Every structure is written in C-alpha cells, then in structure tokens.
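A short write-up of the structure that comes next.
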4 protein chains.
Amino acid sequence: MRPTPRSDASAIPDFFTETRSATESLTADLPIEDMVAQSMEDASPAKWHLAHTTWFFEEFILRPYAPHYRSPDDRFAYLFNSYYVQAGPRFARAQRGMIGRPTVAEVMAYRAGVDAALEDLIRAGDAPLDLVELGCHHEMQHQELLLTDLLHLLSLNPLEPAYKAPGPAALADPAPLTWIDCAGGLVEVGHDGAGFAFDCETPRHRTYVAPYRLASRAVTNREWIAFIEAGGYRTPELWLSDGWGAAEREGWEAPLYWRREDEGWVAFGLRGTQPVDPDAPVAHISFYEADAFARWAGKRLPTEAEWELAAREPIDGNFVETGRLRPKPAAGDGLAQMWGDVWEWTQSPYAPYPGYRPPAGAIGEYNGKFMINQMTLRGGSCASDAAHIRATYRNFFYPGDRWQFSGLRLAISL
Amino acid sequence: MRPTPRSDASAIPDFFTETRSATESLTADLPIEDMVAQSMEDASPAKWHLAHTTWFFEEFILRPYAPHYRSPDDRFAYLFNSYYVQAGPRFARAQRGMIGRPTVAEVMAYRAGVDAALEDLIRAGDAPLDLVELGCHHEMQHQELLLTDLLHLLSLNPLEPAYKAPGPAALADPAPLTWIDCAGGLVEVGHDGAGFAFDCETPRHRTYVAPYRLASRAVTNREWIAFIEAGGYRTPELWLSDGWGAAEREGWEAPLYWRREDEGWVAFGLRGTQPVDPDAPVAHISFYEADAFARWAGKRLPTEAEWELAAREPIDGNFVETGRLRPKPAAGDGLAQMWGDVWEWTQSPYAPYPGYRPPAGAIGEYNGKFMINQMTLRGGSCASDAAHIRATYRNFFYPGDRWQFSGLRLAISL
Amino acid sequence: MRPTPRSDASAIPDFFTETRSATESLTADLPIEDMVAQSMEDASPAKWHLAHTTWFFEEFILRPYAPHYRSPDDRFAYLFNSYYVQAGPRFARAQRGMIGRPTVAEVMAYRAGVDAALEDLIRAGDAPLDLVELGCHHEMQHQELLLTDLLHLLSLNPLEPAYKAPGPAALADPAPLTWIDCAGGLVEVGHDGAGFAFDCETPRHRTYVAPYRLASRAVTNREWIAFIEAGGYRTPELWLSDGWGAAEREGWEAPLYWRREDEGWVAFGLRGTQPVDPDAPVAHISFYEADAFARWAGKRLPTEAEWELAAREPIDGNFVETGRLRPKPAAGDGLAQMWGDVWEWTQSPYAPYPGYRPPAGAIGEYNGKFMINQMTLRGGSCASDAAHIRATYRNFFYPGDRWQFSGLRLAISL
Amino acid sequence: MRPTPRSDASAIPDFFTETRSATESLTADLPIEDMVAQSMEDASPAKWHLAHTTWFFEEFILRPYAPHYRSPDDRFAYLFNSYYVQAGPRFARAQRGMIGRPTVAEVMAYRAGVDAALEDLIRAGDAPLDLVELGCHHEMQHQELLLTDLLHLLSLNPLEPAYKAPGPAALADPAPLTWIDCAGGLVEVGHDGAGFAFDCETPRHRTYVAPYRLASRAVTNREWIAFIEAGGYRTPELWLSDGWGAAEREGWEAPLYWRREDEGWVAFGLRGTQPVDPDAPVAHISFYEADAFARWAGKRLPTEAEWELAAREPIDGNFVETGRLRPKPAAGDGLAQMWGDVWEWTQSPYAPYPGYRPPAGAIGEYNGKFMINQMTLRGGSCASDAAHIRATYRNFFYPGDRWQFSGLRLAISL
C-alpha cells in the first residue's frame, strides 16, 4: 500500500506524463549551445534542469520503491543533486556549466529511462503517488527556472538571440487601477489540507491582519518609468540601506534587462529585445527596488497574509478557499487580478509558519532550510504553469535577486 | 518652546551628563594604541565611537538649535557621520581605522566643547529634550558597541591583552531551568507611549500569539558544550542552508573567541583569556548557531512577541507594561530571568511593525532603513546600561554576526 | 604588389589550407557540449578558438585587401577579437563561455566563408602572403591552446571524459640523462631574418653567455615524484616567495591533473585518466614549481639564451642556425633532445630584445604588450605542430600557470 | 673571532648608533595615533617598523651571539618577523595594524634594550660586525619605507595632515635635459667586493651592453603633465596589457596623490598638500606608467646595466667604481644627476645575477626569494639615506606599485 496524494490520485499518472513532456517542449527548439552554459551561480543550464528533475524522481521514488531499477550512471546522483545534504554529496553548484558530459542526448535518454521505470511503477500500483505529485510540482518550479535562467544567459549575448519557442503568453493588458478594501481581522492563512501544497504553506494558522487596502493590479512599466524619471534610482532616502548598497555596487538604473535607447526604453526578453510596453506589469526588479518604489509612491508592499486573504476572498463573498487564483477580471468588475503575470514581492520575510515542521528525511530539506534572508513572493508569473499556482503558494528569493519575473503590487494601511 | 521627551523632562540634564561621562570612563585606562584600529568593517575604533556620539549631538541639536555654536572642525561632520544620508556625505565606513587625526586628545576636546555648548543650551531652555534623550540612548548603544568592538580588536592580538578597566559585571549564576507557560492570544505588543523608546518599537499593535512555553533562562555554556560534543558543528541537517554556508566558509567549531586547550575550553573576553564558565549563558554565537542548537534540542527560538509578552507578564499577574525588565529572580520563584546577561536571538526578522512610520528627516534613518536581512534580539547584555533596556527594546544584527554578547533562550509551541 | 613572407611564398597557399583543416580535425569528434564552456578566465571554448582564428584572417587580410568581402555578421568582430585594442572593442574575455550563439554550425560556416574568400584572394595574387603566413602560425598557436583549454575543461568533469580523437603522440621514451657542456661567450641570439618568426624573436642581437652545462633531456615524472616524496611541496625554503604564496593559496601538492590513488599517481590527460608514466617528462607544472625543483636539485633553470644556443649548435660543429629543432636523438649519441614533448620554463622573464620594435598598427599588439610579468618557455610540446617550432621561438606564460604542457630542463653554471 | 664587514670595521659601532637614532628621530614628533594603522597590505605601521628593525638585530645577532640576552617578550619574534620562514612562524602581514600592544612606549623600551645589549656585545668584541652592518642597512631601508608607508596612511585622511618633522630635502631644481652617450660594450656590472652591498648586487659579472644614450636627469612633473594632457592615461596603445588592466581597475588618471583643482594639479606629500612643482622629478608612478610615458615619448626605459654604467663612468674618464653616486652636477657640466630625488624604474626584471647564491640560513631569504614578478629601480630617493645608496644598488617593486618615491629617466638605443 503506497501513500497517496491529497489531490485526486487518479489524475496523477497523466499529470506526471504531461509535466515531463511540458519540460521537454521548452527546450525542443533550443540549440545545444544554449543548454550547457551557467550564466551566474544562481542560475543553472537548461541541460542541468532536465537532468536534475529526473534525478529527483530517481532518488526519491525509484531508488526506494523500484528495487530492480538501475541508473544509467551512478555518478548522475552526484552531478544532479541540487542541495539535498541527506541524499549524498553534490557537485559544486558554481560549476554546473563546466560539465559537457553527459551530453544533451544522454540526458534525454536518462529522462526516458526514468519515465519508463516510473510509469511501470505507477501501473504496478507501487508508486508513492504523493511523491510523484511532489516531483511534478518540483519539475514545474524548474520549468520556470529553466526559462528565467535561459533568459539571463541569452541576455549576456551581444547577438541578443530570441528564445525560439512561441514564448510565454503576452503580459497583461492595462487595467484601471482600483483599490480593494479588506477588513482583515483574526483570520486563518496557509494551506488547509485539500489539494497539493508544499510543506512551507502549512500549517494553516491564525494571524491578525489590520484593515488594509490592496491595489487591483500590479505596478506597470509606465508607473516604473515615472519612478526612474523622478530620480528614484538616485535618491538614497527611498532605499533600505542594504538595498542602496546593492544598487550602487551593481549600478542599477532600471529593471534588469532594460536599456535606454534614443526612442525610449527597450527590454530584452524571451522574444528578444522589444520596446518596453508601458501597460505591462513591471518585471525583473528586486525586492529592494519594489520597496523603494512603494516608499516613493507613499504606499507600502503588502504582507503575504494580506495578499493571500485578497486572493481567496472575492468581493461577492464566495470564499474560494483552496482553488486556483482568480483569472484576469473583466475591466471594471472590481476584482483584483492576482496571478499569472509577475511574481509579487511582499514585505514578509520567508519564515516558518507557527508550528511548521518539515517532513522527515531528505525531502524535508526542500523548503525548510531556506527560511532565512529571503523574501516571500506571491501570485505566479507568465512563466508559471497555471496548474502550479494557488492562493497559499509561497515563492521566495533573496531581496537583491532580479532575474525572475518579479514585480510588485501596492498596499495601504487603513 | 522646545519639544520634550516622553520621559520625565527634569531628569534629562543629569541623564545627559551621566551618559557622556560613562562613555569616557570606558576608555579611561585604555592605551591610545587600542583606540584607533578597526578590526573589521562591522566594528569601529573606540576613538570613532567617542567622536561619532558627539557628532550626533552636534548635528541634530547644536546645528539647528544653537545658532552661535561653531564646530572645532567642519570636516568632523564628514568623518563622524555614520550613515545618515540626509545629514551629508560620509567617510567610508571601512576606512575608520585609517584616520590617526584627529588624535584622541583632539576628540576629547571635541567632546568637551559639545558638552559645554549643549549644557548651555539646556540651561537656556532651548534644547529639544526629546532629541537630547535620544542622543543619550544613542550613546548608550555605542557604549556597548565600543566594548564589543574593542573585544574583537583585542582578540586579534596574539598577546591576548585584557581590557584594563574592571570589566562588566560577572555573568549570571547558574539557575535551574524551568519552563514558563504563556497563554498568548490576541495581544498587543510594542511601545505604548510612556517613557523613552526608539521608533522601531512603535506603534503598539495587535498580534495573535498561540500558546507557548518559554525557558526561564538562557542556554548555558555547559549545554553548548554538549551540542559541540554531539557534533552540532559537523551536522549540516541541523543548519539553515545559509548558516551552514557561513559555518563552512568561516570554519566555525565553537562560539567566537573560544579555543580548545588541553584542560578544556577557554574563551577570550574583556578580562583576557579565561576558562569557559559552564554555568554562564553562552555568548558570541550567531543566529545560525542559535537556530541549529534549537533544532538539535528539539525546541525552537521564540518570536519577539513571545519574548516581549513573557518579559512583561509576571506569573503573579502584575502586568508591568512598560517598566524595566525583571531582574534576576530568586531561585525557584518561577520567574524567568529576562535581561542583563546576553542578547537573545529570536526567530523574528527585524521588520517594521504594522503602521510603522519613521520620523521625518535624517533622524528617520536611525532604525527604519535597516529593516531587512537582520534578526531581532531581545533582553540586553552584560555590556548594556540597565537604564537602556526595556521589554519592548528591539536590537538587531545580521544572522551571521557573532561579535556581540549574543546568546539564546529556547521556546516550545503548546 | 603584395608583401611576401620571408619563407617560400609558393608554399603559403597549401600551408593555409592545411593549417585551417588541421584545426577542424581537432574538434571533429567532439560533442557540441564540450565546445562552448569556458573553464577559467585564461582558457577559451573550442568554439571560440575556431571563430577567433577565422576573425584574424577576416580582420587583418579580408577587410583591408578584399574590398568585396562581406562578413556574415559584423558583430563577430566584437565577439571574436581577443585583445587587439586598435582593431576595435572586444567582448569581455571572462564571458566567452556565455555565448551560445553563433552556434558551432554557424562558426563552421563562418570558417568556410572566410576560407573561400581568402583562397580567392590568394589565387588573384592580392593576398599579403606575410600576413597569411602569420595567420597560419597564429592559428597553430590556437590549435595548441584549444587542446590545453579543452583538457582543463574536461578535467573539471567528474565523469573524466577522454578527448575522443586519437590524441597527440605519446610522450618521450626514457633517455639517459647526460650533460652537454656549452662554451658560451659573446654570441648572437634571436631570429636572423630567414624563414618565419614572430616579432618578439627579433632582432638578432649580441649577448654574453658564461660557460654552462645543460641537461640532455627534460626532468621526468620519476624525478618529480622523488621531489614530492622529499617534501618539496611542503618546504617553503625551496620556493620563491610569490611561488609559495600561490602553492599555499591553491593547495598544490603535485602537478596539475595529478591525483594520488592507492596504486600510485594517476593523471588526467587527453586520453582520460592514466597512471603517471615515470619515464615521461613531467608536465603541467608552473614556473614556481620548476624553480623550486631546480633549487632542490642543486641546479638551476637555463636562461633562454643558453637554451637557444644549445638548440642550434650540435656537438659535431654543424651550426644549424635557423632550421627546425633537433629530433629525438638516438640513445647515447650525446645530443640533447630539445623539442616536442613539453615546453620548458627558462629563468628568463619575457622581455623585449634590445632594439625590439613591434610592427605598426594592431598587429603590433600581437606580442609586445605582453612583455611583463611572464616567463619565457622554449621547445614546443606534444601539442605543438612541428612546423610551428624553431630554436628561436619564445613562448610565454605567467609563472603560476599550469594548464599548458609545461615542464623543465636543468642547467649548471660552470 | 667574529666576522667583519667589508667596510671599515672601526666605523661600524658609530654607524649602528647613528642609524638607530635616525630611525627614532623620524617618529619623534608623530602622534601615537599615526603610528599604529596599516593603510594597505603592502605597507606597515610606523610602530611595526620600529619593532621589526629591532627584532632583526635580536634574531640574527643577539640570539646566536649573546647567550645571556633575554628578550622582553618571546612573542615579539612572532609579531615582528616580516617574512623569514627559517626564523620561525610569523604574524599575518595584513594584520599588522590590528595589534595595539605592545604600545609605542613598549616598543621604544624594546629598542633601548636591544641597543644596550648590542652595544655591550660590540664593546666586548663579540659582535659579528658584518651582520651589524647588514642590520644597519636593513634599518635604513625601513627608514624609507616608514616614510612612504606613513605618507600613504596620511593620504587617506581627509584632514590631509602634514608629516610634522622638517621633512625630506626639497626635490631637485630644474636641470636642462641633455643626453649622455655611452659606448657600452662587453662590460662588468655588479658589486666588486669593497664596501657594503646586499647579496643581490653580486656577483660582479660580464654583460654585453649596446651603445646607448641616457637622459641627464629624471622626467619632470612638467613633462608628465604634458603626457596627461596628451591623453596618455586614456590611450591603451601606449600601455602594456597588464598595465592597462591595472590603470582601468584602479582608475589611474595621474600619479598617486595627485588631484586636479581649479588652479591646477596639487599633490599630497610629507609636507601636506602642495601645488605640483613642474620642475621637480615626477614621483609616485608605477612601472606601467613609466613604461607608457617612455613609449609616448618615443624613447624607452634604461636597463639596469645601462643605468649602472652611467652612474659610475663620468664623462671625463674618471672611473668611480664603487663610490657613492654623483651628486647633483653644476648646470651645464654634462654630467648626469643620478641619485637622491626619485628611484628610477628600469626595464630590467629583478632577477638573479649569473652565479648568484644567497647566503646560507634565514639571512639568505633577505633578497633572493623575491626575484620574480618585480622590476628593478635604481638611484635612491629623497627619502633614502645618502650612506645607503651606491651605483650597484638594486631596489625592486612590483610593476603596479606607486607608493614609493618612484620616477623614471629615459634612454635611447644608438
């Protein structure tokens, strides 16, 4: 008898097949040359993402549950373990771009072998479906990282090559900014047990939220340009001390990938270099920049509890506890658009929820050991799979990180 | 008409005189050679502390309120401004050990001149007493930093010189560890307006605290040695990822200043190198170490709200809202000993309280711009002036910092 | 009328074709994944070498001499200029591994296009044959670098992949060490004008050389192991101060690529990991190590004048002024074996010969601007094309560099 | 029976007393605050120089020759050994500014104790006078370093404090530039055995020098300003590759300590900030800058052999083999002024002379182990004791070093 996921178990096999296939479609048109380099220590090569997500299934499912499984190369466990101390030694993170072998073809064969073994295991009823589901969500995280890491790599190339695939959906149309009032109170936040969630979203717990007001949409490029033109990047009074240090050290004058040309701002993106769309949400900003912008605007960033409450409480009172986030609303219907364009920095440090306990074993390293020095982001981006995001989802990055599709939404205390 | 402090205004003049004099007594027996070097970027020379605290009064009180005041050297504003962007340019922090001039004698003359001018201003009734009080608390912070920075400097000298003055009071006697149950609930924390507090302690605000249990005293050296001997410094599973990185990079094997000798552990301190006292609270540990210890012990660090509640609610129900922390209790009376030996790391990132607003102008930079990447500590240390600490006090340092008198207290969720 | 080379002009067209083809044969069996990464700032990807050598012909010959030539992409000049300031801006050296595009296929097309245009130009009699010859020797330098850079990259891969091609000729057989006496005197060294030479080999000039004795062969691995076992890497007295600093900082305990296993020393090389052959010349050592070895042995490194004299004066008095170096002698014939196994560190800093003048224009940057901080090596290695080395050839690297096929030969003052 | 120096033995005792006293007079008026800081890793505090020169006599003379001598603190050997591996472990060079103790007063007492013991030893006829003489020359080197290190430290202070003592003699008056023709030939250079010399000046040996022409004086500030105004610091073609890298990395736009003000160039020096004297020799330039200037001027730097020949061969044929360098000549007498204003960079790397052998034991580390990566300077500066310099003297620094009184003289090949 195997553990089952909190989601519908019967859907897991297809979920697995679709997730694995979706990853491969991301690199289908990519030349090998763009799949091996590591553009910075925080990023990884596309080839590594393809292999690491595979190792995850091999390490946590096939090794313990499929006694007859044989890895094509036992050294892959060393090469493609990202950070799980309890799963054995790891190849140095900063050297991931140095290993030409296994080749892309060998990695694809590794994927196929693991997929076949796992599908056999599922068919035999021997697969721990909760771990299969976790592995799929893990892989969806890496799908997004694969794209953001690739974008960072391509951005270093003076040829400014566009990512060849059709690219993620266009960013949001302009939406009139409205303010959503939220009463707050002594509420519960966090995941409640139905459907998949990462451990860090639990336990659901009480917290007190004072009344607040939340913007109905993210800050746009037009608004960001106003910040630039008002001298936002040259006014230390607007910045946190560490933020100003980072801005000076790294010479920030605009979001990552932006460049000022005679005709105005252009930005490098997955479709190559394009004029900055003033109505799209600003992306590729750090927490420090988001925080400085909010101070300049006389507002603040929301806490993650504020964000989560707003994401699940439609105006009409239908409390959508654990469902998917609300899609883009029709103009003027008063709903906030909470997801699918940019990850939104909150003012909440990524910390354990009261009563949080990581799972036993190496899987417990998934989230828990990163709960320091990072800030929480909410909402999902254009590069996030819609099946992967939900109101309680907690993404997290260091406050100086800029290479994600990260933006912000403003809040006000009432 | 001048602003007045929230504390008793009539006490401020003596408070000023005593505070200024206390600082000078700290360096009275120190050779000049130990007052000029900067042992690391985070620390400052004793001479700099003597001058900077003086500049604070000059910049924020004498310049705006004493029109006839003339600085002995206008360039001191450049040399001794620590980080106040709005108060003008600053000498590079990392170069503070490079400026032999002004000499110690010149700095003492600077102090005397500012003191005389300020005392004149107070006598004339023209001094903004709230800022005088703030300047005194600012100076008390630097008294502690002067000692911790000096200790760090002396620790680099193979001659292991002891700080010549009598040294701070001996650390705590052993106390039997008991656990204090706290009901929590929807409570208010933060400063309430009576008596002095820094801006970051405000506003008082509601928060929800689940029931918890707090240790009656800090972790001792004896307990810490058990952690070392159990392999705590060699077990990455116990550590946050960034913490393990710091421990490996810096080669941590014990608290800062500890050294293992044939007869056992010795530690360098203000009285020179001494055997580690097993019954004293452990000090000179980082947040990362505190967190790893708590995980090893199967407990956790308290939040700052938990700490604050416990510090003001005696068991007998006398609610001591804003008073000084409780002194060392008699053995067995069930009270927790909350202050005066080591600063205690909490699990709370140093973040703005809901509704926090820094004061206008450069004074607003005092605390607000540091509310990122740091963790809150509570309680005060053997190097803290007793007049300077209170239940709502929020100290903050980076999670890897070790040169303060920093320790920990354990907590349990109920 | 075009400039002609000092060598036989009629041989240049074939020389060009053969040289270009030889480069491509080096990477013929290499997976693309091994052609894009840059393993350290000093090394370059194989793809870059293929493109840069092509750019050299495009920039210095096609642009000025072939008015109808069009580059496939004008930005290649930016991407593939190595360091010629006067030839325009350059892509940052440390980022050469970050540019997936142009792909390997595009680079090969670039090569084919330049080759065709250059062959047209030669056929039309419009090619400056001296520059064509220079470009071929430039490319032969890069053939060797391509192999040494690739070896360094492969060495970082835990899979220890062997270079797939047949690999360079096996290293030398053991030879009995004899000592060759040289009278020295007021002699002339440097290139004399017949045949190809780089500018740094000129002008031929007088120098005084005291009588000396030179080893008939390079130091072997057997001898090097004796140095290791005698504690050579742990004895600072044997080392130059900067050398000892490098050895400590980088943890040197043996030549680069060596690893001690239970059965003895193994070394990673172009044929993968193999046992160290005790009779082969030691390779992959820095100048610092060579110098320490010589001091340990009670000998010294030769100067480059001493080396050059010995390379051109056979014992029997036939003075072979500018010809190729002597091949491996028959055992016991008393000749020194001067070339073709390892580059030999000399004790001579790489400095301009008296009266040296670099050519005008960007070509003048080829050698002249590197005449500081580097040491001269003589002799050619197993990875050097035999057509590329000669008695006057001056190779140069920094004294801490180890990734070349670099070894040493001992000398004694008489 | 003790070893005697090559100089007049009867003069050594007074030489010792005068040298020791001269060092102390350099710091007589210096506040303690300026004697403890270390401004960069290459420099040392004045207090350290006072102690280290004392340790040299203690370590190499008193320990082996004065059996009853007792050091005031055995740990001084650890603190004040600069780099002599064979003399035991050393305190980390970069931490010399971190040791407040021993205080300046304690160091002066250490000096007095060593002086007394050494004078006793001399009186008893037991002192190795060659080592005493060496120790005096060693101390004279440190007298100059004490001043250049102090100047560097003072230059970091925004108060721009002047060194309080009378300061070194004013730099040279303008002299009409003439060119001295030298025939060269097969000559001998290096020290010949009479009078004191460091080991690196030996052995005297043959070398061939082609005919050359040497400038009669060093390059002046007026000439250097012309180089700046001609764009010399913005023209990479003029620079060695490593030199341009250093210039860009460190932002060089003029000699160290120069600053452009509205009225023209000013420079910080031992007398504080002063206008640049156009007729004084340029100082505080690196080898890289000297080399770029020479290239810009269409000339070159001399070799050290060229410099030495010119320094000892007056035009009139009086061959002054080993005497002191020629003093400032009367205007128009055709003699070159070779010493006493700035050290002059030569184009010669600091390398062992043919046949060079360092002395046995730790004293052998004095010069030999630094013979790599540095360039030779000749001539002595305004901060050099006249008794310390001679025609064969070889000073050496890294090509990027700028904090010495270093300038240049031009040469031409004939």
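Every chain in the structure tokens takes a letter, A first, then B, and so on in the order presented; its residues are numbered from 1, and the ligands are numbered from 1 following the presented order.
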Next item on the list: Give the residues of chain C that lie within 12 Å of chain A; count only C-alpha atoms, and format the answer as a PyMOL selection string.
Entry: chain C and resi 30-40+45-47+73-80+90-92+94-107+150-163
Keeping only N, CA and C atoms, write those residues as a compact mmCIF listing (two decimals), in the first residue's frame.
# COMPACT_ATOMS: atom_id res chain seq x y z
N LEU C 30 34.26 15.94 -31.38
CA LEU C 30 33.91 16.50 -30.08
C LEU C 30 32.43 16.81 -30.01
N PRO C 31 31.73 16.39 -28.95
CA PRO C 31 30.33 16.80 -28.84
C PRO C 31 30.24 18.32 -28.66
N ILE C 32 29.17 18.89 -29.20
CA ILE C 32 28.98 20.34 -29.09
C ILE C 32 29.07 20.79 -27.64
N GLU C 33 28.56 19.98 -26.74
CA GLU C 33 28.55 20.35 -25.32
C GLU C 33 29.93 20.66 -24.78
N ASP C 34 30.97 20.08 -25.36
CA ASP C 34 32.32 20.34 -24.87
C ASP C 34 32.99 21.51 -25.59
N MET C 35 32.27 22.15 -26.49
CA MET C 35 32.89 23.20 -27.29
C MET C 35 32.46 24.61 -26.87
N VAL C 36 31.61 24.72 -25.87
CA VAL C 36 31.08 26.06 -25.56
C VAL C 36 31.48 26.61 -24.20
N ALA C 37 31.86 25.74 -23.27
CA ALA C 37 32.13 26.24 -21.92
C ALA C 37 33.54 26.82 -21.81
N GLN C 38 33.69 27.77 -20.89
CA GLN C 38 34.99 28.37 -20.59
C GLN C 38 35.33 27.97 -19.16
N SER C 39 36.41 27.22 -19.00
CA SER C 39 36.66 26.63 -17.69
C SER C 39 37.36 27.57 -16.72
N MET C 40 38.00 28.60 -17.26
CA MET C 40 38.62 29.63 -16.39
C MET C 40 38.89 30.83 -17.28
N PRO C 45 36.63 28.62 -24.96
CA PRO C 45 35.95 27.46 -25.53
C PRO C 45 36.53 27.09 -26.89
N ALA C 46 36.42 25.82 -27.23
CA ALA C 46 36.88 25.37 -28.55
C ALA C 46 36.19 26.17 -29.65
N LYS C 47 34.90 26.42 -29.49
CA LYS C 47 34.16 27.19 -30.49
C LYS C 47 34.78 28.57 -30.68
N ASP C 73 28.38 38.40 -40.23
CA ASP C 73 27.79 39.16 -39.13
C ASP C 73 28.85 40.12 -38.61
N ASP C 74 28.60 41.39 -38.76
CA ASP C 74 29.62 42.37 -38.34
C ASP C 74 29.90 42.30 -36.85
N ARG C 75 28.97 41.72 -36.09
CA ARG C 75 29.19 41.66 -34.64
C ARG C 75 30.22 40.59 -34.26
N PHE C 76 30.56 39.71 -35.22
CA PHE C 76 31.59 38.72 -34.91
C PHE C 76 32.91 39.42 -34.58
N ALA C 77 33.14 40.58 -35.21
CA ALA C 77 34.39 41.30 -34.93
C ALA C 77 34.47 41.66 -33.45
N TYR C 78 33.31 41.95 -32.88
CA TYR C 78 33.26 42.29 -31.47
C TYR C 78 33.42 41.04 -30.61
N LEU C 79 32.75 39.97 -31.04
CA LEU C 79 32.75 38.74 -30.23
C LEU C 79 34.09 38.01 -30.26
N PHE C 80 34.82 38.12 -31.38
CA PHE C 80 35.96 37.22 -31.55
C PHE C 80 37.31 37.92 -31.65
N ARG C 90 36.01 44.87 -27.74
CA ARG C 90 36.06 43.42 -27.59
C ARG C 90 35.03 42.96 -26.55
N PHE C 91 34.50 41.80 -26.77
CA PHE C 91 33.63 41.14 -25.79
C PHE C 91 34.50 40.72 -24.60
N ALA C 92 33.91 40.83 -23.41
CA ALA C 92 34.71 40.55 -22.21
C ALA C 92 35.26 39.13 -22.23
N ALA C 94 36.23 37.12 -19.94
CA ALA C 94 35.73 36.16 -18.96
C ALA C 94 34.34 35.64 -19.31
N GLN C 95 33.72 36.18 -20.34
CA GLN C 95 32.35 35.81 -20.67
C GLN C 95 32.28 34.95 -21.93
N ARG C 96 33.41 34.44 -22.37
CA ARG C 96 33.40 33.72 -23.63
C ARG C 96 32.56 32.45 -23.59
N GLY C 97 32.34 31.92 -22.41
CA GLY C 97 31.52 30.72 -22.31
C GLY C 97 30.04 31.02 -22.26
N MET C 98 29.68 32.29 -22.30
CA MET C 98 28.28 32.68 -22.13
C MET C 98 27.53 32.85 -23.44
N ILE C 99 28.24 32.70 -24.56
CA ILE C 99 27.58 32.99 -25.83
C ILE C 99 27.32 31.72 -26.63
N GLY C 100 26.10 31.20 -26.46
CA GLY C 100 25.71 30.01 -27.19
C GLY C 100 25.70 30.24 -28.69
N ARG C 101 25.23 31.42 -29.08
CA ARG C 101 25.24 31.78 -30.49
C ARG C 101 26.42 32.69 -30.76
N PRO C 102 27.00 32.67 -31.94
CA PRO C 102 26.67 31.75 -33.02
C PRO C 102 26.94 30.31 -32.59
N THR C 103 26.14 29.42 -33.14
CA THR C 103 26.30 28.01 -32.85
C THR C 103 27.58 27.48 -33.51
N VAL C 104 27.93 26.26 -33.17
CA VAL C 104 29.10 25.64 -33.80
C VAL C 104 28.90 25.56 -35.31
N ALA C 105 27.70 25.21 -35.73
CA ALA C 105 27.45 25.13 -37.17
C ALA C 105 27.64 26.49 -37.83
N GLU C 106 27.18 27.54 -37.16
CA GLU C 106 27.36 28.88 -37.73
C GLU C 106 28.83 29.29 -37.77
N VAL C 107 29.57 28.86 -36.77
CA VAL C 107 31.01 29.16 -36.77
C VAL C 107 31.69 28.40 -37.90
N LEU C 150 40.77 22.68 -23.64
CA LEU C 150 39.81 21.58 -23.59
C LEU C 150 40.18 20.60 -22.48
N LEU C 151 41.45 20.31 -22.37
CA LEU C 151 41.89 19.39 -21.31
C LEU C 151 41.52 19.95 -19.94
N HIS C 152 41.70 21.24 -19.77
CA HIS C 152 41.34 21.84 -18.49
C HIS C 152 39.85 21.72 -18.23
N LEU C 153 39.06 21.96 -19.25
CA LEU C 153 37.61 21.83 -19.09
C LEU C 153 37.21 20.40 -18.75
N LEU C 154 37.73 19.45 -19.51
CA LEU C 154 37.37 18.05 -19.26
C LEU C 154 37.80 17.61 -17.86
N SER C 155 38.88 18.19 -17.38
CA SER C 155 39.39 17.78 -16.06
C SER C 155 38.43 18.16 -14.94
N LEU C 156 37.54 19.12 -15.20
CA LEU C 156 36.59 19.53 -14.17
C LEU C 156 35.38 18.61 -14.10
N ASN C 157 35.25 17.74 -15.05
CA ASN C 157 34.08 16.87 -15.13
C ASN C 157 34.33 15.59 -14.33
N PRO C 158 33.52 15.33 -13.33
CA PRO C 158 33.73 14.11 -12.53
C PRO C 158 33.65 12.83 -13.36
N LEU C 159 33.06 12.91 -14.54
CA LEU C 159 32.99 11.70 -15.38
C LEU C 159 34.34 11.43 -16.06
N GLU C 160 35.27 12.34 -15.97
CA GLU C 160 36.61 12.18 -16.53
C GLU C 160 36.59 11.71 -17.98
N PRO C 161 35.89 12.45 -18.82
CA PRO C 161 35.80 12.02 -20.23
C PRO C 161 37.13 12.17 -20.95
N ALA C 162 37.47 11.19 -21.78
CA ALA C 162 38.66 11.30 -22.61
C ALA C 162 38.33 12.10 -23.86
N TYR C 163 39.32 12.83 -24.33
CA TYR C 163 39.21 13.51 -25.62
C TYR C 163 39.09 12.42 -26.68
Next item on the list: Quick one: everything within 9 Å of range 129-139 of chain D, counting only C-alpha atoms, minus sequence neighbours fewer than 2 positions away in the same chain. Send it as a VMD selection string.
Entry: chain D and resid 2 to 7 9 12 to 13 15 to 16 19 to 20 23 49 to 50 52 to 54 56 to 57 60 to 61 118 122 126 to 127 141 to 144 196 to 198 387 to 388
Margin query: Taking 5 positions as the minimum chain separation for residues in the same chain, which residues sit within 7 Å of range 285-293 of chain B when counting only C-alpha atoms? Answer as a list in words.
Written below: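 These residues fall inside the cut-off: Phe227, Leu238, Trp239, Leu240, Gly243, Pro255, Leu256, Leu301, Trp345, Pro399, Gly400, Asp401, Arg402, Ser406, Gly407 and Leu408 of chain B.
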Margin query: To test your reading of the structure, identify every residue in range 191-279 of chain A that backbone DSSP assigns to strand (DSSP E), and report it as a PyMOL selection string.
Written below: chain A and resi 205-209+212-215+258-261+264-269+272-275
Next item on the list: For each of D:Lys299, D:His284, D:Arg390, D:Arg249, take the minimum atom-to-atom distance to Thr148 in chain D, counting only C-alpha atoms, then give the residue where this is smallest.
Entry: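 Using only C-alpha atoms, the shortest distance to Thr148 in chain D belongs to D:His284.
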Checklist line | Pro352 in chain D surroundings by only C-alpha atoms, 8 Å radius, close-in-sequence under 6 positions cut, as an MDAnalysis selection string | finding: chainID D and resid 200 368 371
Keeping only N, CA and C atoms, write the selected residues to a file as a short mmCIF file (atom, residue, chain, number, x, y, z; two decimals), in the first residue's frame.
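Dumped to again38.cif:
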data_model
loop_
_atom_site.label_atom_id
_atom_site.label_comp_id
_atom_site.auth_asym_id
_atom_site.auth_seq_id
_atom_site.Cartn_x
_atom_site.Cartn_y
_atom_site.Cartn_z
N CYS D 200 72.20 40.60 -3.48
CA CYS D 200 71.63 40.61 -4.83
C CYS D 200 72.44 41.48 -5.79
N GLY D 368 66.82 36.98 -2.08
CA GLY D 368 66.72 36.01 -3.15
C GLY D 368 65.31 35.56 -3.47
N MET D 371 62.96 37.38 -6.21
CA MET D 371 63.42 37.61 -7.58
C MET D 371 62.43 37.06 -8.61
#
